[in-house]
Protein chains: 2
Amino acid sequence: MSRESVLLFGLGGIGGIYACILQLSGKCDVHVVARSNYNAVKEKGFKLVSPKFGNHESLKFAGVWKSTEDAAAAGVRFSYILCANKALLDAKPSLSDHLRPIVTPGLTSIVLLQNGVGAEEPLHASFPDTTIISAVVWTGGKPLPTGDGVEQFNREGLTIGVDYRQGGDKKEEDAKLAKLVEWLTAGKGDCTVTEDIQSERWVKVIWNCCWNSLTTATRLKTGPFFDSSSQALPLCYTIMEEVCAVAKAKGLTIPDGTVEKLIKQCTDVPYPGLPSSMMADNNAKRPMEVEVILGTPVREGQRLGVPVPTLTAIYTIVKALDYGNLNAEAAKA
Amino acid sequence: MSRESVLLFGLGGIGGIYACILQLSGKCDVHVVARSNYNAVKEKGFKLVSPKFGNHESLKFAGVWKSTEDAAAAGVRFSYILCANKALLDAKPSLSDHLRPIVTPGLTSIVLLQNGVGAEEPLHASFPDTTIISAVVWTGGKPLPTGDGVEQFNREGLTIGVDYRQGGDKKEEDAKLAKLVEWLTAGKGDCTVTEDIQSERWVKVIWNCCWNSLTTATRLKTGPFFDSSSQALPLCYTIMEEVCAVAKAKGLTIPDGTVEKLIKQCTDVPYPGLPSSMMADNNAKRPMEVEVILGTPVREGQRLGVPVPTLTAIYTIVKALDYGNLNAEAAKA
């Protein structure tokens, strides 16, 4: 019996690293959808530079595809599809649209290696019989400037769990997670398995809501932002406390002291502090992950009657920056 | 007996027009502090282009000075000093520092032709025996690109009143206002005199708090901002209502329907809508009038226990943008 196949969708900094980890595990056939760098990866293989996993000049994946349609046309059936593309809830085509050709009911599990909250729901709606695994990614990864590989830095790790589906068989879903974790671990990946991935996701979004949005709106890293006025740090607390209240209203477990801990993790960083992925996207006028980082917390707050005035203001501003980036004529009008 | 003297401090778009109006009145000797364009104005005079006041090639002021110190050294005593410089409450030297050499107690009245709220208080503190006249400026004016004059467009008008000082003689202060209004009117300026200038100032700051801050933070004119998300227009109402509540808590008179009227005045403007002076300052990385437009409403809200969460968030963001503009190294860190 041939080995099972997995697909990495989104071969950027994070997707590239998890493609390599699974490849190095030797446990499965790794396929990738490489959009911008298809030719290089197809012909020359993929490069990994990493203090943790070692340097590898040319990892040869079992399949390199230009799109999910191409992978489907080749008849490959995937046990897991790991999505490490940018999380854009309002993008067309949607993630569901991309995955539809390659999801095999009963076989495929979809694995989200993405920022933010709220990305699971549209997938459950599109694929009601499919296991959705969700992970908070703590990994430092960036594409090599040469476009033919990835560099891993800082730490590598996932907090990972099943986002249990309604009417699903928990044991069966847990088994699918366990197999993936076994493969990742065989590749020396660090996995912390949790039964409550949504709480983990929301703790991380408390962080992202604050630093991503403020660095984007102010165009400053966290250090100069803290220096900009006596209101700067209090605003960070306000934002985090609003998201925290929404998460608690959802029934999630947010440990006491979470906000203070997340603030300290950032203020402890030496000047000039932290940039953010959203700040980089804004500076480059790329689409920003506004909805999964800010939009879902705002909407959940509104739905649950939790006051989110500060989040709403900053969501609206970042949404407008996103609009301006994607509509050059409107921005220049 | 020689005629009385007035000084225009800040010879930009607005200051230039009121220098011309007073010059054309023939009622007083007009002096100006011309900083960037001293040589041109001193030698060739000042140009006015206006559908309302006519075109004038070369208005010769009684005095052209590089600084208030120079005017003081020449021994001129001013009945009125009209301040049309940018309103920067946190600037060093402060407006009081600039005016100190040329304020003659008992003679001089200080007249503010500036945006925002809160600029009178430091002047009262610095010049407790001096009449402070305050005006809301409805005038379209901009410096000529050649730097030697000013263009008046759209409308011209002031809503003007005494910001009565504690322990002052109201009749005497009213008489000082009346004389200035007489001169402005003789120069065909439109003045609406009010006994409650603070209410008028706060109505205008309801407008400015919203449009100046949002166009600055989002880098969009109002039209594309309204298009950017369904949250955009509600955010405008929220900001205006917060400022409105602060003004009412101060005991000021804000007519019913003010917010709706101000919103409509903006949404009625054809696409792409309005830019703002603050947006232009931000784009050019010039100091922004953050404190008089946003800072005072935030502080007054906090002092009076009026919730201003949205104002606070946008104030903090604009303050950080201002900080980044004025601290290039921090912004690039």
# chains A, B, ... in the order shown; residues from 1 in each chain; ligands from 1
$ interface_residues --of "chain A" --to "chain B" --cutoff "10 Å" --atoms "only C-alpha atoms" --output "count of residues only"
50
$ select_by_dssp --residues "stretch 12-58 of chain A" --states "strand (DSSP E or B)" --output "list in words"
Asp29, Val30, His31, Val32, Val33, Phe46, Lys47, Leu48, Val49, His56, Glu57 and Ser58 of chain A
$ write_last_selection --atoms "C-alpha atoms" --output "PDB file, in the first residue's frame"
ATOM      1  CA  ASP A  29       4.146  11.868   0.452  1.00  0.00           C
ATOM      2  CA  VAL A  30       4.319  15.649   0.531  1.00  0.00           C
ATOM      3  CA  HIS A  31       2.696  17.700  -2.198  1.00  0.00           C
ATOM      4  CA  VAL A  32       2.773  21.455  -2.442  1.00  0.00           C
ATOM      5  CA  VAL A  33       0.823  24.085  -4.295  1.00  0.00           C
ATOM      6  CA  PHE A  46      13.116  23.273  -2.120  1.00  0.00           C
ATOM      7  CA  LYS A  47      15.774  24.678   0.199  1.00  0.00           C
ATOM      8  CA  LEU A  48      15.522  24.749   3.994  1.00  0.00           C
ATOM      9  CA  VAL A  49      17.814  26.864   6.175  1.00  0.00           C
ATOM     10  CA  HIS A  56      18.852  21.091   3.148  1.00  0.00           C
ATOM     11  CA  GLU A  57      19.801  22.134  -0.342  1.00  0.00           C
ATOM     12  CA  SER A  58      17.135  20.432  -2.365  1.00  0.00           C
TER      13      SER A  58
END
$ select_by_dssp --residues "stretch 12-241 of chain B" --states "helix (DSSP H, G or I)" --output "PyMOL selection string"
chain B and resi 13-25+38-44+68-73+95-102+120-126+170-186+197-218+222-228+232-241
$ write_last_selection --atoms "C-alpha atoms" --output "compact mmCIF listing (two decimals), in the first residue's frame"
# COMPACT_ATOMS: atom_id res chain seq x y z
CA GLY B 13 -3.89 81.18 3.90
CA ILE B 14 -6.12 82.53 6.65
CA GLY B 15 -3.73 85.07 8.15
CA GLY B 16 -3.01 86.50 4.72
CA ILE B 17 -6.67 87.09 3.98
CA TYR B 18 -7.38 88.86 7.27
CA ALA B 19 -4.28 91.02 6.83
CA CYS B 20 -5.71 92.06 3.46
CA ILE B 21 -9.22 92.68 4.79
CA LEU B 22 -7.89 94.95 7.53
CA GLN B 23 -5.54 96.67 5.09
CA LEU B 24 -8.41 97.27 2.66
CA SER B 25 -10.58 98.66 5.49
CA TYR B 38 9.69 88.00 4.74
CA ASN B 39 11.86 89.31 1.92
CA ALA B 40 9.19 89.10 -0.78
CA VAL B 41 6.48 90.72 1.34
CA LYS B 42 8.80 93.43 2.68
CA GLU B 43 10.07 94.44 -0.73
CA LYS B 44 7.23 93.79 -3.17
CA THR B 68 7.40 89.33 17.24
CA GLU B 69 10.71 90.31 18.87
CA ASP B 70 11.53 92.51 15.88
CA ALA B 71 8.14 94.20 16.05
CA ALA B 72 8.61 94.78 19.78
CA ALA B 73 12.10 96.17 19.26
CA LEU B 95 1.99 80.86 21.37
CA SER B 96 2.26 82.75 24.68
CA ASP B 97 6.04 82.76 24.31
CA HIS B 98 5.70 84.27 20.84
CA LEU B 99 3.22 86.93 21.94
CA ARG B 100 4.80 87.96 25.24
CA PRO B 101 7.09 90.66 23.74
CA ILE B 102 4.23 92.43 21.93
CA GLU B 120 -7.70 80.19 24.96
CA GLU B 121 -6.85 78.74 28.36
CA PRO B 122 -3.06 78.97 28.18
CA LEU B 123 -3.43 82.55 26.88
CA HIS B 124 -5.67 83.54 29.79
CA ALA B 125 -3.09 82.01 32.11
CA SER B 126 -0.20 83.88 30.45
CA LYS B 170 -17.66 92.62 30.02
CA LYS B 171 -18.59 96.02 28.57
CA GLU B 172 -14.98 96.90 28.01
CA GLU B 173 -14.24 93.55 26.41
CA ASP B 174 -17.34 93.86 24.21
CA ALA B 175 -16.17 97.29 23.10
CA LYS B 176 -12.82 95.87 22.03
CA LEU B 177 -14.59 93.20 20.01
CA ALA B 178 -16.96 95.78 18.49
CA LYS B 179 -14.10 97.93 17.25
CA LEU B 180 -12.37 95.01 15.57
CA VAL B 181 -15.64 93.89 13.98
CA GLU B 182 -16.19 97.43 12.71
CA TRP B 183 -12.79 97.39 11.01
CA LEU B 184 -13.27 93.92 9.52
CA THR B 185 -16.71 94.93 8.26
CA ALA B 186 -15.27 98.08 6.71
CA ILE B 197 -18.10 81.56 21.14
CA GLN B 198 -17.20 78.34 22.96
CA SER B 199 -20.41 76.67 21.84
CA GLU B 200 -19.61 77.69 18.27
CA ARG B 201 -16.04 76.41 18.59
CA TRP B 202 -17.22 73.08 19.94
CA VAL B 203 -19.75 72.63 17.14
CA LYS B 204 -16.93 73.09 14.68
CA VAL B 205 -14.69 70.71 16.60
CA ILE B 206 -17.41 68.04 16.38
CA TRP B 207 -16.86 68.31 12.64
CA ASN B 208 -13.07 68.42 12.83
CA CYS B 209 -12.71 65.59 15.33
CA CYS B 210 -14.42 63.29 12.90
CA TRP B 211 -13.30 64.26 9.43
CA ASN B 212 -9.79 65.47 10.23
CA SER B 213 -8.90 62.42 12.27
CA LEU B 214 -10.45 59.80 9.99
CA THR B 215 -9.04 61.21 6.76
CA THR B 216 -5.65 61.34 8.48
CA ALA B 217 -5.70 57.85 9.99
CA THR B 218 -7.12 56.19 6.86
CA THR B 222 -14.39 61.10 3.06
CA GLY B 223 -15.98 59.55 -0.08
CA PRO B 224 -13.73 56.48 -0.33
CA PHE B 225 -13.75 56.23 3.47
CA PHE B 226 -17.56 55.90 3.43
CA ASP B 227 -17.15 53.18 0.77
CA SER B 228 -14.50 51.28 2.73
CA ALA B 232 -17.33 53.63 8.35
CA LEU B 233 -20.36 55.90 8.62
CA PRO B 234 -21.41 54.54 12.04
CA LEU B 235 -17.92 55.37 13.32
CA CYS B 236 -18.43 58.99 12.21
CA TYR B 237 -21.66 59.18 14.24
CA THR B 238 -19.91 57.62 17.25
CA ILE B 239 -17.06 60.12 17.20
CA MET B 240 -19.37 63.11 16.75
CA GLU B 241 -21.74 61.93 19.46
$ residues_around --residues "A:Asn115" --least-positions-apart "3" --cutoff "8 Å" --atoms "only C-alpha atoms" --output "number ranges by chain"
A: 87, 136-137, 205, 289, 292-293
$ write_last_selection --atoms "all heavy atoms" --output "PDB file, in the first residue's frame"
ATOM      1  N   ALA A  87      -4.891  34.352   5.616  1.00  0.00           N
ATOM      2  CA  ALA A  87      -6.284  34.139   6.028  1.00  0.00           C
ATOM      3  C   ALA A  87      -7.118  35.363   5.670  1.00  0.00           C
ATOM      4  O   ALA A  87      -7.144  36.344   6.418  1.00  0.00           O
ATOM      5  CB  ALA A  87      -6.337  33.866   7.532  1.00  0.00           C
ATOM      6  N   VAL A 136      -2.443  27.015  16.331  1.00  0.00           N
ATOM      7  CA  VAL A 136      -1.786  28.303  16.550  1.00  0.00           C
ATOM      8  C   VAL A 136      -0.305  28.093  16.267  1.00  0.00           C
ATOM      9  O   VAL A 136       0.306  27.162  16.797  1.00  0.00           O
ATOM     10  CB  VAL A 136      -1.990  28.783  18.002  1.00  0.00           C
ATOM     11  CG1 VAL A 136      -1.225  30.074  18.252  1.00  0.00           C
ATOM     12  CG2 VAL A 136      -3.470  28.958  18.302  1.00  0.00           C
ATOM     13  N   VAL A 137       0.225  28.929  15.415  1.00  0.00           N
ATOM     14  CA  VAL A 137       1.589  28.749  14.914  1.00  0.00           C
ATOM     15  C   VAL A 137       2.533  29.688  15.669  1.00  0.00           C
ATOM     16  O   VAL A 137       2.313  30.895  15.699  1.00  0.00           O
ATOM     17  CB  VAL A 137       1.647  29.067  13.404  1.00  0.00           C
ATOM     18  CG1 VAL A 137       3.063  28.867  12.871  1.00  0.00           C
ATOM     19  CG2 VAL A 137       0.650  28.204  12.633  1.00  0.00           C
ATOM     20  N   VAL A 205      -5.170  35.827  19.454  1.00  0.00           N
ATOM     21  CA  VAL A 205      -5.782  36.978  18.764  1.00  0.00           C
ATOM     22  C   VAL A 205      -5.866  38.196  19.696  1.00  0.00           C
ATOM     23  O   VAL A 205      -5.917  39.330  19.222  1.00  0.00           O
ATOM     24  CB  VAL A 205      -7.145  36.598  18.130  1.00  0.00           C
ATOM     25  CG1 VAL A 205      -8.332  37.024  18.991  1.00  0.00           C
ATOM     26  CG2 VAL A 205      -7.263  37.226  16.744  1.00  0.00           C
ATOM     27  N   GLU A 289      -4.911  40.716   6.841  1.00  0.00           N
ATOM     28  CA  GLU A 289      -5.791  39.739   7.507  1.00  0.00           C
ATOM     29  C   GLU A 289      -6.715  40.456   8.497  1.00  0.00           C
ATOM     30  O   GLU A 289      -6.749  40.133   9.682  1.00  0.00           O
ATOM     31  CB  GLU A 289      -4.928  38.669   8.196  1.00  0.00           C
ATOM     32  CG  GLU A 289      -4.160  37.803   7.184  1.00  0.00           C
ATOM     33  CD  GLU A 289      -3.241  36.766   7.834  1.00  0.00           C
ATOM     34  OE1 GLU A 289      -2.581  37.106   8.826  1.00  0.00           O
ATOM     35  OE2 GLU A 289      -3.222  35.626   7.347  1.00  0.00           O
ATOM     36  N   VAL A 292      -9.965  38.123  10.088  1.00  0.00           N
ATOM     37  CA  VAL A 292      -9.695  37.083  11.101  1.00  0.00           C
ATOM     38  C   VAL A 292      -9.060  37.650  12.361  1.00  0.00           C
ATOM     39  O   VAL A 292      -9.139  37.042  13.425  1.00  0.00           O
ATOM     40  CB  VAL A 292      -8.797  35.941  10.564  1.00  0.00           C
ATOM     41  CG1 VAL A 292      -9.548  35.104   9.542  1.00  0.00           C
ATOM     42  CG2 VAL A 292      -7.480  36.449  10.018  1.00  0.00           C
ATOM     43  N   ILE A 293      -8.409  38.796  12.229  1.00  0.00           N
ATOM     44  CA  ILE A 293      -7.749  39.362  13.409  1.00  0.00           C
ATOM     45  C   ILE A 293      -8.655  40.356  14.122  1.00  0.00           C
ATOM     46  O   ILE A 293      -8.729  40.367  15.350  1.00  0.00           O
ATOM     47  CB  ILE A 293      -6.381  39.967  13.018  1.00  0.00           C
ATOM     48  CG1 ILE A 293      -5.417  38.838  12.663  1.00  0.00           C
ATOM     49  CG2 ILE A 293      -5.813  40.830  14.148  1.00  0.00           C
ATOM     50  CD1 ILE A 293      -4.053  39.285  12.179  1.00  0.00           C
TER      51      ILE A 293
END
$ atom_distance --atom1 "atom CA of B:Asn85" --atom2 "atom CA of B:Leu158"
16.1 Å
$ closest_residue --among "B:Cys244, B:Gly257, B:Phe53, B:Thr296" --to "B:Gln152" --atoms "only C-alpha atoms"
B:Phe53
$ atom_distance --atom1 "atom CA of B:Gly140" --atom2 "atom CA of B:Phe153"
5.0 Å
$ closest_residue --among "A:Gln302, A:Asn37, A:Asn282, A:Ser2" --to "A:Pro145" --atoms "only C-alpha atoms"
A:Asn37
